[in-house]
Each structure stands twice: as structure tokens, then as C-alpha cells.
Amino acid sequence: MRLVAPFALVALLAALVGSSAAAGRPNAADLEAELVCPVCETTLDQSSAPVALRMKAFIRARIAAGDSEQEIKDALVAQFGPGVIATPSKRGFGLLAWLLPLAVVVAALVAVGVLVRSWSRRRAPPDEPESPLDPSLERLVDEELARFDG
Amino acid sequence: MPRRVRLVAQGVALGVVVLLFVLLAWSLVRDTGGDLAAAANRGERPEAPDFTLERLDGEGALQLASLRGKAVVLNVWASWCLPCKDEAPYLEQVWRRNRSRDLVVLGLDAKDFRMDARRFVRRFGLTFPIVYDGPGSTLDGYGVTGFPETFVLDRQGRVVEAFAGAVNSAEDRVRLRSAIQQALSS
């Protein structure tokens with residue numbers, strides 16, 4: 001047992017380190033889907049333009065060198081500008097691209113609410129009191145019923 | 001639907017359509033780049049859009065307007081562009097032959113890695129000034145649609161001639177020499 005314990009500890013540590021490295025290691029395919037070719041303006045995974053091939057090679061080299069996803073993106077932004085990132089920034093003017101769809105959804109919900117309210121108002125049955133029966137007609141009905149019972 | 005709500009909805013829809021038309025018109029008016037080369041090739045001399053870009057061949061930045069008084073051969077290139085490799089040695093010759101005549105060959109490396117561009121410069125022994133525009137933000141103003149493209153500017157910074165594609169054929173080189181003469185004599 002005393003001999004097994006150190007080996008088990010080392011194996012456990014190795015497994016932990018390995019799994020954390022695998023979790024933190026950027027994936028080339030994911031990065032290629034998140035970055036844009038500056039010439040053809042499609043994502044790198046959709047492009048075979050010379051500059052896109054060069055960028056893909058750069059990404060793989062940086063992954064092999066141990067760079068994080070953010071470091072690779074930052075390096076490419078430093079070369080090609082912020083337009084190389086496929087998703088708009090969550091700051092400044094780019095924030096508009098995230099907020100505008102939400103605003104449109106909210107506006108659409110409000111519009112639907114207003115329409116539904118207006119329709120339901122128009123189609124609701126009028127709250128009028130039940131009209132009383134004409135006294136002569138009522139008397140006639142009573143007479144008919146009395147004759148029927150009698 | 002109540003008449004008022006319907007009118008508001010129609011107004012909003014009409015407003016959106018008008019806004020889209022305004023945006024379309026604005027983008028068409030703003031996108032004059034394509035007209036720059038066309039105007040130059042019609043014999044007009046449109047003004048070349050000014051820019052200030054970092055130097056690839058040294059420290060600091062270079063502003064195009066600082067070259068006023070000299071003729072400029074502005075060559076847009078990238079290290080991954082194959083025709084640029086054939087063209088680069090010829091442009092170096094043009095620079096060496098004409099630099100004493102107030103002509104500047106200015107390379108504009110765009111949509112490229114700096115390290116690749118510097119390797120390209122070393123490989124072809126380029127000694128003319130080169131600026132770097134990684135995002136390619138200056139290209140729209142010139143209407144650049146491919147690599148390489150070359151613009152010959154006169155001493156007042158106006159476009160005398162524009163070349164889409166490499167200046168590699170004998171015919172294009174005659175045109176370039178003629179444009180340089182015009183630019184220097186302006």
C-alpha cells in the first residue's frame with residue numbers, strides 16, 4: 001500500500017494536469033470559425049484564399065507554441081484589425097449589434113401585445129343588462145303555461 | 001385593427017423602407033473608390049485619398065500628403081500575392097532609375113502579416129519606402145479590388161494613371177513610363 005500510494009498520487013496529478021491542459025488548449029477548427037479572412041470576408045473555415053491559408057497556418061503554429069485562444073485572437077487583431085473577429089465587439093459601437101436584435105424582439109412583443117389587446121376589446125361581448133320581457137308577452141306566456149298545467 | 005393602430009404600423013413600415021433607401025443611396029455616394037481609377041483612365045486627374053500609415057521599412061508613420069511636390073508610384077501589394085512577386089523587382093528598378101528625378105515608389109502592403117511582408121522585402125531587396133495597412137482600411141478609397149494595383153500620382157497628389165493587376169507586360173510598362181513622365185511634368 002505504501003508503494004502504491006505515491007504512484008496513484010502521481011497518476012492522479014498527471015490526469016488532472018492533462019485534463020486541464022486539454023480544456024484550456026484552443027481548438028483550431030473553433031478559432032477558424034470565429035475569425036474572418038480579410039480578403040474574402042468569410043470565416044477562415046470557409047475560405048481557401050492565400051491569406052486565409054496563411055492565417056490558418058499561423059493559428060496552428062501559435063496553438064503548438066502554447067498560446068491561449070485570446071492571445072491568438074489578439075495577435076491576429078494586431079495584424080489585421082478588429083474586423084478579423086467574426087462576432088462584433090461587446091463594447092462601443094459593436095454593442096449595438098448585440099442590443100439591436102433584443103430591442104427588435106421587445107418592440108415586436110409590445111406590438112403583438114397592443115394588437116391582441118385591441119382585438120380582444122373589439123370582440124368582447126357587450127356588458128349590457130338582460131333586457132326585461134315585454135309585460136304583455138310575459139302575461140301571454142303565463143296564461144299559456146297555466147293552460148298547459150291545468 | 002383600429003384605424004389609428006393601422007396608420008401607425010403603415011407609417012413605421014414606410015419609414016423603415018425610406019431609411020433603407022437613404023442608406024443605400026448614402027453607400028453608393030460614399031463608395032467613389034471605383035470611380036477613381038475609371039476617372040484617371042478617362043484622362044481626368046482625381047485627387048488621391050490621403051492616408052497616414054505605419055512604416056514597414058522603419059520607425060514611425062508616413063503621410064501621403066508629405067510627398068506633395070514629388071511624383072509617386074503607389075503600389076498596393078501583399079506577400080501572399082503571386083503576381084506581386086513578379087512585379088516587385090521591376091518596381092525596384094523604377095525606383096532606382098527615377099529617385100533622383102523626384103519620383104517616389106511607395107509600397108502599400110495590405111491584408112498581410114508584417115513578418116511575411118518584411119521577409120518579402122528582404123527576399124526581393126526592396127529599398128523604396130513601404131507602409132503597412134493590415135486591415136486594408138485605405139483600399140476602399142482607392143477602389144482596390146485585387147492585388148496588386150498601382151496608381152501614379154502627380155506632384156499635386158492627383159491620380160494620373162491606375163493599373164489593376166501587375167505591371168508586368170511590355171505594354172503596361174510603356175504605359176507606366178508614360179504616366180511617370182506625365183506625373184513628373186505636372
# chains A, B, ... in the order shown; residues from 1 in each chain; ligands from 1

$ closest_atom_pairs --of "chain B" --to "chain A" --cutoff "6 Å" --atoms "only C-alpha atoms" --output "Markdown table"
| residue | atom | partner | partner_atom | distance |
| --- | --- | --- | --- | --- |
| B:Trp80 | CA | A:Pro50 | CA | 6.0 |
| B:Phe113 | CA | A:Gln79 | CA | 5.9 |
| B:Gly134 | CA | A:Phe80 | CA | 4.4 |
| B:Pro135 | CA | A:Phe80 | CA | 4.3 |

$ write_last_selection --atoms "N, CA, C and O atoms" --output "mmCIF file, in the first residue's frame"
data_model
loop_
_atom_site.group_PDB
_atom_site.id
_atom_site.type_symbol
_atom_site.label_atom_id
_atom_site.label_comp_id
_atom_site.auth_asym_id
_atom_site.auth_seq_id
_atom_site.Cartn_x
_atom_site.Cartn_y
_atom_site.Cartn_z
ATOM 1 N N TRP B 80 1.415 37.413 -49.977
ATOM 2 C CA TRP B 80 0.794 36.171 -50.436
ATOM 3 C C TRP B 80 0.308 36.267 -51.884
ATOM 4 O O TRP B 80 -0.197 35.308 -52.444
ATOM 5 N N PHE B 113 0.551 39.762 -43.009
ATOM 6 C CA PHE B 113 1.320 39.724 -41.754
ATOM 7 C C PHE B 113 2.567 40.594 -41.938
ATOM 8 O O PHE B 113 3.242 40.503 -42.972
ATOM 9 N N GLY B 134 -2.597 46.675 -42.353
ATOM 10 C CA GLY B 134 -3.096 45.307 -42.107
ATOM 11 C C GLY B 134 -4.583 45.140 -42.383
ATOM 12 O O GLY B 134 -4.978 44.233 -43.124
ATOM 13 N N PRO B 135 -5.454 46.007 -41.820
ATOM 14 C CA PRO B 135 -6.893 45.842 -42.070
ATOM 15 C C PRO B 135 -7.292 46.222 -43.493
ATOM 16 O O PRO B 135 -8.400 45.918 -43.920
#

$ closest_residue --among "B:Val152, B:Leu103, B:Ile130, B:Leu62" --to "B:Glu47" --atoms "only C-alpha atoms"
B:Val152

$ select_by_dssp --residues "stretch 92-167 of chain B" --states "strand (DSSP E or B)" --output "PyMOL selection string"
chain B and resi 103-110+130-133+149-153+158-164

$ closest_residue --among "B:Val174, B:Val105, B:Ala117, B:Ala25" --to "B:Lys85" --atoms "only C-alpha atoms"
B:Ala117

$ decode --residues "stretch 45-58 of chain A" --atoms "all heavy atoms" --output "tab-separated table (two decimals), in the first residue's frame"
chain	number	residue	atom	x	y	z
A	45	ASP	N	-12.71	29.09	-41.92
A	45	ASP	CA	-13.03	27.69	-42.25
A	45	ASP	C	-13.74	27.57	-43.60
A	45	ASP	O	-13.84	26.50	-44.15
A	45	ASP	CB	-13.84	27.03	-41.13
A	45	ASP	CG	-15.12	27.77	-40.81
A	45	ASP	OD1	-15.31	28.89	-41.33
A	45	ASP	OD2	-15.95	27.25	-40.05
A	46	GLN	N	-14.25	28.71	-44.11
A	46	GLN	CA	-14.96	28.70	-45.39
A	46	GLN	C	-14.07	29.20	-46.53
A	46	GLN	O	-14.52	29.30	-47.66
A	46	GLN	CB	-16.19	29.63	-45.32
A	46	GLN	CG	-17.17	29.30	-44.23
A	46	GLN	CD	-17.97	28.06	-44.56
A	46	GLN	OE1	-18.45	27.91	-45.67
A	46	GLN	NE2	-18.07	27.15	-43.61
A	47	SER	N	-12.84	29.55	-46.20
A	47	SER	CA	-12.01	30.23	-47.20
A	47	SER	C	-10.74	29.44	-47.52
A	47	SER	O	-10.13	28.84	-46.64
A	47	SER	CB	-11.62	31.62	-46.67
A	47	SER	OG	-10.72	32.22	-47.54
A	48	SER	N	-10.37	29.49	-48.78
A	48	SER	CA	-9.08	28.90	-49.17
A	48	SER	C	-8.22	29.96	-49.87
A	48	SER	O	-7.32	29.63	-50.65
A	48	SER	CB	-9.31	27.70	-50.08
A	48	SER	OG	-10.08	28.09	-51.19
A	49	ALA	N	-8.51	31.24	-49.60
A	49	ALA	CA	-7.69	32.33	-50.15
A	49	ALA	C	-6.28	32.22	-49.56
A	49	ALA	O	-6.11	31.72	-48.44
A	49	ALA	CB	-8.31	33.67	-49.77
A	50	PRO	N	-5.26	32.67	-50.30
A	50	PRO	CA	-3.88	32.54	-49.81
A	50	PRO	C	-3.69	33.11	-48.41
A	50	PRO	O	-3.04	32.49	-47.57
A	50	PRO	CB	-3.06	33.29	-50.84
A	50	PRO	CG	-3.87	33.27	-52.08
A	50	PRO	CD	-5.31	33.26	-51.65
A	51	VAL	N	-4.28	34.28	-48.15
A	51	VAL	CA	-4.09	34.89	-46.83
A	51	VAL	C	-4.81	34.07	-45.75
A	51	VAL	O	-4.32	33.96	-44.62
A	51	VAL	CB	-4.52	36.38	-46.82
A	51	VAL	CG1	-6.00	36.55	-47.00
A	51	VAL	CG2	-4.07	37.07	-45.54
A	52	ALA	N	-5.93	33.45	-46.12
A	52	ALA	CA	-6.65	32.62	-45.15
A	52	ALA	C	-5.82	31.38	-44.81
A	52	ALA	O	-5.75	30.97	-43.65
A	52	ALA	CB	-8.01	32.22	-45.71
A	53	LEU	N	-5.20	30.78	-45.83
A	53	LEU	CA	-4.34	29.61	-45.58
A	53	LEU	C	-3.18	29.99	-44.68
A	53	LEU	O	-2.81	29.25	-43.77
A	53	LEU	CB	-3.82	29.05	-46.91
A	53	LEU	CG	-4.89	28.53	-47.88
A	53	LEU	CD1	-4.25	28.04	-49.18
A	53	LEU	CD2	-5.72	27.42	-47.25
A	54	ARG	N	-2.65	31.19	-44.90
A	54	ARG	CA	-1.53	31.66	-44.08
A	54	ARG	C	-1.98	31.88	-42.64
A	54	ARG	O	-1.27	31.56	-41.69
A	54	ARG	CB	-1.00	32.97	-44.70
A	54	ARG	CG	0.12	33.61	-43.95
A	54	ARG	CD	1.38	32.78	-43.97
A	54	ARG	NE	2.39	33.37	-43.10
A	54	ARG	CZ	2.53	33.06	-41.81
A	54	ARG	NH1	1.75	32.16	-41.25
A	54	ARG	NH2	3.48	33.64	-41.08
A	55	MET	N	-3.20	32.43	-42.48
A	55	MET	CA	-3.73	32.66	-41.14
A	55	MET	C	-3.98	31.33	-40.42
A	55	MET	O	-3.74	31.21	-39.22
A	55	MET	CB	-5.02	33.48	-41.22
A	55	MET	CG	-4.78	34.93	-41.61
A	55	MET	SD	-6.30	35.81	-42.02
A	55	MET	CE	-6.93	36.18	-40.38
A	56	LYS	N	-4.47	30.34	-41.16
A	56	LYS	CA	-4.70	29.03	-40.54
A	56	LYS	C	-3.38	28.43	-40.06
A	56	LYS	O	-3.30	27.86	-38.96
A	56	LYS	CB	-5.36	28.09	-41.56
A	56	LYS	CG	-6.82	28.43	-41.87
A	56	LYS	CD	-7.36	27.47	-42.92
A	56	LYS	CE	-8.68	27.93	-43.47
A	56	LYS	NZ	-9.21	27.06	-44.52
A	57	ALA	N	-2.34	28.57	-40.90
A	57	ALA	CA	-1.01	28.05	-40.51
A	57	ALA	C	-0.51	28.79	-39.26
A	57	ALA	O	0.06	28.18	-38.35
A	57	ALA	CB	-0.03	28.22	-41.66
A	58	PHE	N	-0.77	30.10	-39.21
A	58	PHE	CA	-0.36	30.92	-38.06
A	58	PHE	C	-1.06	30.41	-36.79
A	58	PHE	O	-0.43	30.24	-35.73
A	58	PHE	CB	-0.71	32.38	-38.33
A	58	PHE	CG	-0.42	33.31	-37.18
A	58	PHE	CD1	0.85	33.83	-36.98
A	58	PHE	CD2	-1.43	33.67	-36.30
A	58	PHE	CE1	1.10	34.69	-35.92
A	58	PHE	CE2	-1.18	34.53	-35.23
A	58	PHE	CZ	0.09	35.04	-35.04
